[in-house]
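Remarks on the structure that follows.
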Amino acid sequence: MARFLMLLIVVVIVDAYNHHPKFPKSVASGESEVQRGVKIVDCNGTHDKLRNDLIVKSSCGEPKEVFEKLTVAGSFLQVTPSHVWVKRCVGLCSYGPTGSQCSPTKTRKEHIPVRIFDLKTKRESCSTYEMVVHESCGCCVAGAKECLAPKIFNPRKCSCQCPNMNERRNCLKKRNMNMRWNRSKCACEPRKRVTNW
């Protein structure tokens, strides 16, 4: 019984000296520790150069080739090829305004030749699949999804804008007739008159 009690005390003491994973022991200079795939190392010029090269490579700039799936309407249709390489705007906007995302500033449409197999009829047909290809990128605060109607995303200016610019020009010509352009509604409206009591 005394041996069992002694063994239990040794186990408790050894367990007390083990560090909890939520509270890792501090790493002294020169030591390294692998924790969740991260190895702690000393900072030096080589480390900084490699890190900076990765940041430059990962930043938003020229469109990069991305492997994208071709999807067709109907679960009974199969398209071949099922995936293609296409240029997309991807990357970090570390030095852009807060909340900015890598977005296309210029796009073009490309028609990719594909074959579509109908699982119901067992027939195959040739077709083209329309893909939007990104030609240039920029760090934009607003994207196409963030624009609220009636505004639309203008990729060249990286912002949400009113689509009816001719109406805006005509409205600005009517300024002397007490009309004003409302940017949030994208509409021409009468100017509110200030009344003095």
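We label chains A, B, ... in the order they appear in the structure tokens, count residues from 1 in each chain, and number ligands from 1 in the order shown.
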
Please provide the set of residues having any atom within 10 Å of region 53-57 of chain A, restricted to only C-alpha atoms, with same-chain residues fewer than 3 positions apart removed, written as a VMD selection string. chain A and resid 48 to 50 60 to 61 91 to 92 94

Go ahead and dump the residues you just picked, C-alpha atoms, as a CSV table (one decimal), in the first residue's frame.
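Writing done, so here's out_5.csv:
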chain,number,residue,atom,x,y,z
A,48,ASP,CA,13.0,38.9,-42.9
A,49,LYS,CA,14.0,38.7,-46.6
A,50,LEU,CA,12.1,35.4,-47.0
A,60,CYS,CA,-2.9,41.8,-54.9
A,61,GLY,CA,-1.3,42.7,-58.3
A,91,GLY,CA,-4.1,38.2,-52.9
A,92,LEU,CA,-3.6,40.4,-49.9
A,94,SER,CA,-2.1,44.8,-46.8

Distance query Pro163 (chain A) at most 9 Å, only C-alpha atoms, self and fewer than 3 positions along chain excluded, as a ChimeraX atom specification: /A:150-154,166,186

Residues of the last selection are to be written out with N, CA, C and O atoms, as a short mmCIF file (atom, residue, chain, number, x, y, z; two decimals), in the first residue's frame.
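Generated file (part.cif):
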data_model
loop_
_atom_site.label_atom_id
_atom_site.label_comp_id
_atom_site.auth_asym_id
_atom_site.auth_seq_id
_atom_site.Cartn_x
_atom_site.Cartn_y
_atom_site.Cartn_z
N PRO A 150 -29.81 51.51 -55.86
CA PRO A 150 -29.64 51.39 -57.31
C PRO A 150 -28.19 51.50 -57.78
O PRO A 150 -27.93 51.46 -58.97
N LYS A 151 -27.22 51.60 -56.86
CA LYS A 151 -25.83 51.76 -57.28
C LYS A 151 -25.26 50.44 -57.79
O LYS A 151 -25.69 49.37 -57.38
N ILE A 152 -24.27 50.58 -58.68
CA ILE A 152 -23.57 49.41 -59.23
C ILE A 152 -22.07 49.61 -59.03
O ILE A 152 -21.61 50.73 -58.84
N PHE A 153 -21.33 48.50 -59.07
CA PHE A 153 -19.88 48.56 -58.87
C PHE A 153 -19.19 48.98 -60.15
O PHE A 153 -19.42 48.40 -61.21
N ASN A 154 -18.35 50.01 -60.07
CA ASN A 154 -17.55 50.46 -61.19
C ASN A 154 -16.13 49.97 -60.96
O ASN A 154 -15.41 50.51 -60.12
N ASN A 166 -26.15 60.06 -67.29
CA ASN A 166 -26.79 61.09 -68.14
C ASN A 166 -27.86 61.84 -67.35
O ASN A 166 -27.98 63.05 -67.48
N CYS A 186 -29.62 57.99 -56.35
CA CYS A 186 -29.33 58.10 -57.79
C CYS A 186 -30.52 58.72 -58.52
O CYS A 186 -30.98 58.20 -59.54
#

So that I can check the surroundings of Cys89 (chain A), please list as a count of residues only every protein, DNA and RNA residue that reaches within 6 Å of it, counting only C-alpha atoms and ignoring chain neighbours fewer than 3 positions away. 5

Pick from A:His134, A:Lys69, A:Arg88, A:Arg123, whichever lies nearest to Lys109 (chain A) using only C-alpha atoms: A:His134
